[in-house]
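Data from data.tsv: TSV, C-alpha atoms
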```tsv
chain	number	residue	atom	x	y	z
A	7	MET	CA	134.52	101.11	113.17
A	8	THR	CA	134.22	101.66	109.42
A	9	ALA	CA	130.64	101.77	108.17
A	10	GLN	CA	129.62	98.96	105.83
A	11	LEU	CA	129.17	100.00	102.21
A	12	ASP	CA	125.88	99.34	100.48
A	13	ILE	CA	126.10	96.56	97.89
A	14	ILE	CA	124.61	96.32	94.42
A	15	ILE	CA	124.61	92.99	92.57
A	16	LEU	CA	124.08	93.20	88.81
A	17	PHE	CA	122.82	90.06	87.10
A	18	THR	CA	123.81	89.80	83.45
A	19	ARG	CA	125.05	87.32	80.85
A	20	TYR	CA	128.19	87.15	78.73
A	21	PRO	CA	127.16	88.34	75.24
A	22	GLU	CA	127.42	85.21	73.13
A	23	PRO	CA	125.19	85.27	70.00
A	24	GLY	CA	122.38	82.76	70.24
A	25	LYS	CA	122.57	82.52	74.02
A	26	CYS	CA	121.36	85.93	75.20
A	27	LYS	CA	118.04	87.72	74.65
A	28	THR	CA	116.88	84.65	72.73
A	29	ARG	CA	113.26	85.82	72.58
A	30	LEU	CA	114.43	88.83	70.57
A	31	ILE	CA	116.23	86.76	67.94
A	32	PRO	CA	113.16	86.47	65.65
A	33	ALA	CA	113.04	90.28	65.44
A	34	LEU	CA	116.72	91.23	65.58
A	35	GLY	CA	118.68	88.11	64.66
A	36	ALA	CA	121.22	86.52	67.00
A	37	ASP	CA	123.81	89.26	66.50
A	38	GLY	CA	121.28	92.07	66.85
A	39	ALA	CA	119.85	90.59	70.05
A	40	THR	CA	123.36	90.27	71.45
A	41	LYS	CA	124.20	93.87	70.58
A	42	LEU	CA	121.02	95.05	72.29
A	43	HIS	CA	121.96	93.07	75.40
A	44	GLN	CA	125.41	94.67	75.37
A	45	GLN	CA	123.90	98.12	74.98
A	46	MET	CA	121.43	97.65	77.84
A	47	THR	CA	124.17	96.35	80.12
A	48	ARG	CA	126.27	99.44	79.38
A	49	LEU	CA	123.25	101.66	80.05
A	50	ILE	CA	122.75	100.25	83.53
A	51	LEU	CA	126.49	100.50	84.22
A	52	ALA	CA	126.36	104.18	83.25
A	53	GLN	CA	123.53	104.72	85.74
A	54	LEU	CA	125.48	102.83	88.40
A	55	THR	CA	128.46	105.12	87.79
A	56	LYS	CA	126.17	108.13	88.20
A	57	LEU	CA	124.72	106.70	91.42
A	58	ALA	CA	128.19	106.25	92.92
A	59	LEU	CA	128.73	110.03	92.83
A	60	THR	CA	126.12	110.57	95.55
A	61	CYS	CA	125.62	107.11	97.07
A	62	PRO	CA	128.82	105.09	97.53
A	63	TYR	CA	128.39	101.32	97.19
A	64	ARG	CA	130.24	98.16	96.22
A	65	LEU	CA	129.31	96.63	92.87
A	66	GLU	CA	129.50	92.96	91.98
A	67	ILE	CA	128.62	91.63	88.55
A	68	HIS	CA	127.16	88.12	88.69
A	69	HIS	CA	127.12	86.55	85.26
A	70	GLU	CA	125.91	83.55	83.33
A	71	GLY	CA	128.15	82.24	80.57
A	72	GLY	CA	131.67	83.35	79.83
A	73	THR	CA	134.76	83.25	81.98
A	74	GLU	CA	135.99	85.96	84.32
A	75	ALA	CA	138.63	86.84	81.72
A	76	GLN	CA	135.95	87.25	79.06
A	77	MET	CA	133.83	89.40	81.36
A	78	ARG	CA	136.83	91.59	82.16
A	79	SER	CA	137.56	91.95	78.47
A	80	TRP	CA	133.95	93.02	77.87
A	81	LEU	CA	133.17	95.29	80.82
A	82	GLY	CA	136.59	96.14	82.24
A	83	ALA	CA	138.99	94.95	84.90
A	84	ASP	CA	137.76	97.28	87.65
A	85	HIS	CA	134.69	95.24	88.59
A	86	ILE	CA	134.22	92.20	90.82
A	87	TYR	CA	132.87	89.25	88.81
A	88	ARG	CA	131.21	86.11	90.09
A	89	LYS	CA	129.47	83.22	88.38
A	90	GLN	CA	125.76	82.97	89.17
A	91	ALA	CA	124.69	79.95	91.20
A	92	ALA	CA	122.99	76.96	89.62
A	93	GLY	CA	119.22	76.62	89.37
A	94	ASP	CA	116.33	78.82	88.33
A	95	ILE	CA	116.33	82.58	88.74
A	96	GLY	CA	114.88	82.26	92.24
A	97	CYS	CA	117.71	79.97	93.35
A	98	ARG	CA	120.29	82.29	91.80
A	99	MET	CA	118.89	85.44	93.41
A	100	ARG	CA	118.55	83.76	96.79
A	101	ALA	CA	122.15	82.52	96.66
A	102	ALA	CA	123.48	85.94	95.65
A	103	ILE	CA	121.60	87.82	98.36
A	104	SER	CA	122.11	85.32	101.18
A	105	SER	CA	125.86	85.11	100.59
A	106	HIS	CA	126.38	88.89	100.64
A	107	VAL	CA	123.79	90.51	102.86
A	108	SER	CA	125.77	89.84	106.04
A	109	GLN	CA	128.39	92.24	104.66
A	110	THR	CA	126.07	95.25	104.43
A	111	GLN	CA	122.98	96.88	105.90
A	112	ARG	CA	121.40	97.44	102.47
A	113	LEU	CA	121.65	95.40	99.27
A	114	LEU	CA	120.10	95.82	95.84
A	115	LEU	CA	119.93	93.19	93.11
A	116	VAL	CA	119.17	94.42	89.60
A	117	GLY	CA	119.13	92.97	86.12
A	118	SER	CA	120.36	94.36	82.81
A	119	ASP	CA	117.03	94.17	80.95
A	120	CYS	CA	115.48	97.46	82.06
A	121	PRO	CA	116.93	100.49	80.22
A	122	SER	CA	114.61	102.87	82.11
A	123	LEU	CA	116.20	102.07	85.47
A	124	THR	CA	117.95	105.23	86.65
A	125	ALA	CA	120.38	106.24	89.35
A	126	GLY	CA	117.54	108.16	90.99
A	127	ILE	CA	115.35	105.07	91.25
A	128	MET	CA	118.18	103.06	92.77
A	129	ALA	CA	118.89	105.86	95.24
A	130	GLU	CA	115.20	105.79	96.20
A	131	ALA	CA	115.46	102.03	96.74
A	132	PHE	CA	118.41	102.46	99.11
A	133	THR	CA	116.68	105.27	101.00
A	134	ALA	CA	113.53	103.17	101.41
A	135	LEU	CA	115.56	100.39	103.02
A	136	THR	CA	116.32	102.61	106.00
A	137	THR	CA	112.68	102.22	107.09
A	138	HIS	CA	111.42	99.22	105.08
A	139	ASP	CA	112.42	95.56	105.01
A	140	LEU	CA	112.13	95.18	101.27
A	141	THR	CA	112.06	97.24	98.08
A	142	LEU	CA	110.55	95.96	94.83
A	143	GLY	CA	110.58	97.50	91.36
A	144	PRO	CA	107.62	96.05	89.43
A	145	ALA	CA	107.89	95.48	85.69
A	146	PHE	CA	104.97	95.78	83.29
A	147	ASP	CA	105.42	92.13	82.27
A	148	GLY	CA	104.48	91.00	85.79
A	149	GLY	CA	107.97	90.44	87.14
A	150	TYR	CA	110.29	92.83	88.91
A	151	TYR	CA	113.46	94.59	87.78
A	152	LEU	CA	114.91	95.31	91.24
A	153	ILE	CA	114.75	93.79	94.68
A	154	GLY	CA	116.29	95.50	97.70
A	155	VAL	CA	116.87	93.82	101.05
A	156	ARG	CA	117.70	95.16	104.51
A	157	GLN	CA	120.09	93.03	106.54
A	158	GLU	CA	117.74	92.52	109.49
A	159	SER	CA	115.07	91.02	107.24
A	160	ALA	CA	117.30	89.05	104.88
A	161	ASP	CA	116.76	85.61	106.41
A	162	ILE	CA	112.98	85.67	106.12
A	163	ILE	CA	113.16	87.20	102.63
A	164	CYS	CA	115.58	84.54	101.38
A	165	HIS	CA	113.51	81.74	102.89
A	166	SER	CA	110.12	83.04	101.75
A	167	LEU	CA	110.25	85.09	98.54
A	168	PHE	CA	112.24	82.90	96.13
A	169	GLN	CA	110.58	79.50	96.48
A	170	ASP	CA	107.45	78.22	94.75
A	171	ILE	CA	107.22	81.30	92.51
A	172	PRO	CA	106.21	80.69	88.85
A	173	TRP	CA	109.17	82.51	87.32
A	174	SER	CA	108.79	84.08	83.86
A	175	THR	CA	105.04	84.52	84.31
A	176	ASP	CA	102.96	87.65	84.86
A	177	ASP	CA	102.28	86.60	88.48
A	178	VAL	CA	105.82	86.95	89.83
A	179	TYR	CA	105.54	90.44	91.31
A	180	THR	CA	102.01	89.97	92.65
A	181	LEU	CA	102.86	86.69	94.39
A	182	THR	CA	106.12	88.06	95.76
A	183	LYS	CA	104.37	91.14	97.18
A	184	SER	CA	101.61	88.96	98.65
A	185	ARG	CA	104.18	86.64	100.23
A	186	ALA	CA	105.94	89.65	101.77
A	187	GLU	CA	102.66	90.90	103.23
A	188	GLN	CA	101.93	87.47	104.70
A	189	HIS	CA	105.23	87.69	106.58
A	190	GLN	CA	104.49	91.27	107.66
A	191	LEU	CA	107.45	92.66	105.76
A	192	ARG	CA	107.35	96.39	105.14
A	193	CYS	CA	107.68	96.74	101.36
A	194	HIS	CA	108.38	99.92	99.39
A	195	THR	CA	107.24	99.83	95.76
A	196	LEU	CA	109.18	101.70	93.09
A	197	ALA	CA	107.94	103.00	89.74
A	198	GLN	CA	106.68	100.39	87.29
A	199	LEU	CA	109.06	100.06	84.32
A	200	HIS	CA	109.41	98.03	81.15
A	201	ASP	CA	111.83	95.14	80.74
A	202	ILE	CA	112.99	94.50	77.18
A	203	ASP	CA	112.51	90.77	76.64
A	204	THR	CA	110.28	90.24	73.60
A	205	PRO	CA	109.89	91.87	70.17
A	206	ALA	CA	106.78	93.69	71.45
A	207	ASP	CA	108.90	95.30	74.16
A	208	LEU	CA	111.20	97.00	71.65
A	209	ARG	CA	108.78	99.93	71.33
A	210	TYR	CA	109.71	100.87	74.90
A	211	PHE	CA	113.41	101.14	74.06
A	212	ASP	CA	114.66	104.47	72.76
A	213	HIS	CA	115.58	103.01	69.38
A	214	HIS	CA	116.05	99.71	67.61
A	215	PRO	CA	119.76	98.86	67.36
A	216	HIS	CA	121.01	98.28	63.87
A	217	PRO	CA	121.70	94.55	63.37
A	218	GLN	CA	124.93	95.16	61.47
```
Exercise: express the given structure as structure tokens:
Amino acid sequence: MTAQLDIIILFTRYPEPGKCKTRLIPALGADGATKLHQQMTRLILAQLTKLALTCPYRLEIHHEGGTEAQMRSWLGADHIYRKQAAGDIGCRMRAAISSHVSQTQRLLLVGSDCPSLTAGIMAEAFTALTTHDLTLGPAFDGGYYLIGVRQESADIICHSLFQDIPWSTDDVYTLTKSRAEQHQLRCHTLAQLHDIDTPADLRYFDHHPHPQ
């Protein structure tokens, strides 16, 4: 029997000015915020390419906005593209994980807002899932940039960790970790990293993209 490949789901958005990285528009303008979003998405894709050299996996890109044709034109025809589900971020993550985890023993879901996320960190997340139920990558803004799920624990994670969470607040990671502990889930915590969401976060990026 062929072993199941690990799966990585990348959440991102089609780069339409005025509709992505909107909190950065006051600092960068609509075009500048869109270019930064494009750049960060390409950075994570470069790390995913590097990861594939030592840790084979199947990648799916789940997107908001745009059509599949537009996504293929932007990021290439070699990827699998799917529209994100309706609802808040919790509903969308739960739908993505629950519909794919039966196909693999280990699944990671990552966003495109964390330029410090490396292939090494994602490899650590996969390794942790051999002995843990859950992997979380905490962000300095109180959320998390990565969640990893092991197949055996997916049902309880999907039913417990994505409901009644105050998304986009600084309590997301803390409440998620506490909820996991309440359900006796073994959780591995990765390095704390910075998401790039607000003008204040730009100091944690390696440079400010030129708005032209």
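Ranking A:Ala186, A:Leu113, A:Cys26, A:Ala91 by their shortest atom-to-atom distance to Val155 (chain A), with only C-alpha atoms included, puts A:Leu113 first.
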- prompt: Restricting the calculation to all atoms listed in the file, which member of A:Asp161, A:Glu22, A:Asp84, A:Asp119 is positioned closest to Ala101 (chain A)?
  reply: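 For Ala101 (chain A), the nearest of the given residues is A:Asp161.
Using only C-alpha atoms, the residues found no farther than 8 Å from region 122-126 of chain A, other than those of its own chain fewer than 2 positions away, are A:Ile50, A:Gln53, A:Leu54, A:Lys56, A:Leu57, A:Cys120, A:Met128, A:Ala129, A:Glu130, A:Leu199, A:His200.
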field: Among the residues A:Gly93, A:Pro121, A:Pro23, A:Gly148, the one that comes closest to Thr175 (chain A) [using all atoms listed in the file]
entry: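 Once distances to Thr175 (chain A) are computed over all atoms listed in the file, the minimum belongs to A:Gly148.
Among A:Arg209, A:His106, A:Arg29, A:Arg19, the residue with the shortest atom-to-atom distance to Arg64 (chain A), counting all atoms listed in the file, is A:His106.
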query: Rounded to one decimal in Å, what is the spacing between CA of Ala39 (chain A) and CA of Ala58 (chain A)?
result: 28.9 Å
- prompt: For Ser105 (chain A), which residue out of A:Thr55, A:Gln157, A:Thr204, A:Thr18 is the nearest one, using all atoms listed in the file?
  reply: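 Going through A:Thr55, A:Gln157, A:Thr204, A:Thr18 one by one, the smallest distance to Ser105 (chain A) is for A:Gln157.
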field: Gap from CA of Leu16 (chain A) to CA of Ser118 (chain A) - Å, one decimal
entry: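 About the pair CA of Leu16 (chain A) and CA of Ser118 (chain A): they are 7.2 Å apart.
Here the question is which of A:Lys25, A:Asp207, A:Cys164, A:Ile103 gets nearest to Asp147 (chain A) using all atoms listed in the file, and that residue is A:Asp207.
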Add whatever atoms are absent from region 162-186 of chain A to reach N, CA and C atoms, and provide the output as a PDB file, in the coordinates of the input.
```pdb
ATOM      1  N   ILE A 162     114.361  86.005 106.460  1.00  0.00           N
ATOM      2  CA  ILE A 162     112.980  85.670 106.120  1.00  0.00           C
ATOM      3  C   ILE A 162     112.705  85.910 104.642  1.00  0.00           C
ATOM      4  N   ILE A 163     113.336  86.942 104.066  1.00  0.00           N
ATOM      5  CA  ILE A 163     113.160  87.200 102.630  1.00  0.00           C
ATOM      6  C   ILE A 163     113.741  86.056 101.813  1.00  0.00           C
ATOM      7  N   CYS A 164     114.943  85.618 102.150  1.00  0.00           N
ATOM      8  CA  CYS A 164     115.580  84.540 101.380  1.00  0.00           C
ATOM      9  C   CYS A 164     114.859  83.213 101.532  1.00  0.00           C
ATOM     10  N   HIS A 165     114.218  82.997 102.672  1.00  0.00           N
ATOM     11  CA  HIS A 165     113.510  81.740 102.890  1.00  0.00           C
ATOM     12  C   HIS A 165     112.076  81.761 102.354  1.00  0.00           C
ATOM     13  N   SER A 166     111.543  82.959 102.064  1.00  0.00           N
ATOM     14  CA  SER A 166     110.120  83.040 101.750  1.00  0.00           C
ATOM     15  C   SER A 166     109.786  83.551 100.349  1.00  0.00           C
ATOM     16  N   LEU A 167     110.647  84.381  99.765  1.00  0.00           N
ATOM     17  CA  LEU A 167     110.250  85.090  98.540  1.00  0.00           C
ATOM     18  C   LEU A 167     110.813  84.499  97.250  1.00  0.00           C
ATOM     19  N   PHE A 168     111.624  83.446  97.341  1.00  0.00           N
ATOM     20  CA  PHE A 168     112.240  82.900  96.130  1.00  0.00           C
ATOM     21  C   PHE A 168     111.873  81.448  95.861  1.00  0.00           C
ATOM     22  N   GLN A 169     110.996  80.887  96.679  1.00  0.00           N
ATOM     23  CA  GLN A 169     110.580  79.500  96.480  1.00  0.00           C
ATOM     24  C   GLN A 169     109.123  79.440  96.059  1.00  0.00           C
ATOM     25  N   ASP A 170     108.822  78.463  95.201  1.00  0.00           N
ATOM     26  CA  ASP A 170     107.450  78.220  94.750  1.00  0.00           C
ATOM     27  C   ASP A 170     106.850  79.463  94.085  1.00  0.00           C
ATOM     28  N   ILE A 171     107.679  80.173  93.308  1.00  0.00           N
ATOM     29  CA  ILE A 171     107.220  81.300  92.510  1.00  0.00           C
ATOM     30  C   ILE A 171     107.270  80.860  91.039  1.00  0.00           C
ATOM     31  N   PRO A 172     106.203  81.084  90.270  1.00  0.00           N
ATOM     32  CA  PRO A 172     106.210  80.690  88.850  1.00  0.00           C
ATOM     33  C   PRO A 172     106.992  81.694  88.018  1.00  0.00           C
ATOM     34  N   TRP A 173     108.313  81.552  88.000  1.00  0.00           N
ATOM     35  CA  TRP A 173     109.170  82.510  87.320  1.00  0.00           C
ATOM     36  C   TRP A 173     108.838  82.607  85.834  1.00  0.00           C
ATOM     37  N   SER A 174     109.068  83.785  85.278  1.00  0.00           N
ATOM     38  CA  SER A 174     108.790  84.080  83.860  1.00  0.00           C
ATOM     39  C   SER A 174     107.307  84.069  83.542  1.00  0.00           C
ATOM     40  N   THR A 175     106.472  84.343  84.537  1.00  0.00           N
ATOM     41  CA  THR A 175     105.040  84.520  84.310  1.00  0.00           C
ATOM     42  C   THR A 175     104.654  85.922  84.774  1.00  0.00           C
ATOM     43  N   ASP A 176     103.414  86.313  84.470  1.00  0.00           N
ATOM     44  CA  ASP A 176     102.960  87.650  84.860  1.00  0.00           C
ATOM     45  C   ASP A 176     102.468  87.706  86.298  1.00  0.00           C
ATOM     46  N   ASP A 177     102.699  86.635  87.071  1.00  0.00           N
ATOM     47  CA  ASP A 177     102.280  86.600  88.480  1.00  0.00           C
ATOM     48  C   ASP A 177     103.433  86.799  89.457  1.00  0.00           C
ATOM     49  N   VAL A 178     104.646  86.944  88.948  1.00  0.00           N
ATOM     50  CA  VAL A 178     105.820  86.950  89.830  1.00  0.00           C
ATOM     51  C   VAL A 178     105.759  88.084  90.845  1.00  0.00           C
ATOM     52  N   TYR A 179     105.552  89.306  90.375  1.00  0.00           N
ATOM     53  CA  TYR A 179     105.540  90.440  91.310  1.00  0.00           C
ATOM     54  C   TYR A 179     104.385  90.340  92.289  1.00  0.00           C
ATOM     55  N   THR A 180     103.192  90.037  91.794  1.00  0.00           N
ATOM     56  CA  THR A 180     102.010  89.970  92.650  1.00  0.00           C
ATOM     57  C   THR A 180     102.182  88.931  93.752  1.00  0.00           C
ATOM     58  N   LEU A 181     102.669  87.743  93.398  1.00  0.00           N
ATOM     59  CA  LEU A 181     102.860  86.690  94.390  1.00  0.00           C
ATOM     60  C   LEU A 181     103.969  87.042  95.375  1.00  0.00           C
ATOM     61  N   THR A 182     105.031  87.667  94.875  1.00  0.00           N
ATOM     62  CA  THR A 182     106.120  88.060  95.760  1.00  0.00           C
ATOM     63  C   THR A 182     105.649  89.109  96.761  1.00  0.00           C
ATOM     64  N   LYS A 183     104.888  90.092  96.287  1.00  0.00           N
ATOM     65  CA  LYS A 183     104.370  91.140  97.180  1.00  0.00           C
ATOM     66  C   LYS A 183     103.397  90.526  98.196  1.00  0.00           C
ATOM     67  N   SER A 184     102.551  89.614  97.749  1.00  0.00           N
ATOM     68  CA  SER A 184     101.610  88.960  98.650  1.00  0.00           C
ATOM     69  C   SER A 184     102.345  88.143  99.708  1.00  0.00           C
ATOM     70  N   ARG A 185     103.385  87.431  99.298  1.00  0.00           N
ATOM     71  CA  ARG A 185     104.180  86.640 100.230  1.00  0.00           C
ATOM     72  C   ARG A 185     104.834  87.550 101.281  1.00  0.00           C
ATOM     73  N   ALA A 186     105.327  88.701 100.834  1.00  0.00           N
ATOM     74  CA  ALA A 186     105.940  89.650 101.770  1.00  0.00           C
ATOM     75  C   ALA A 186     104.916  90.149 102.791  1.00  0.00           C
TER      76      ALA A 186
END
```
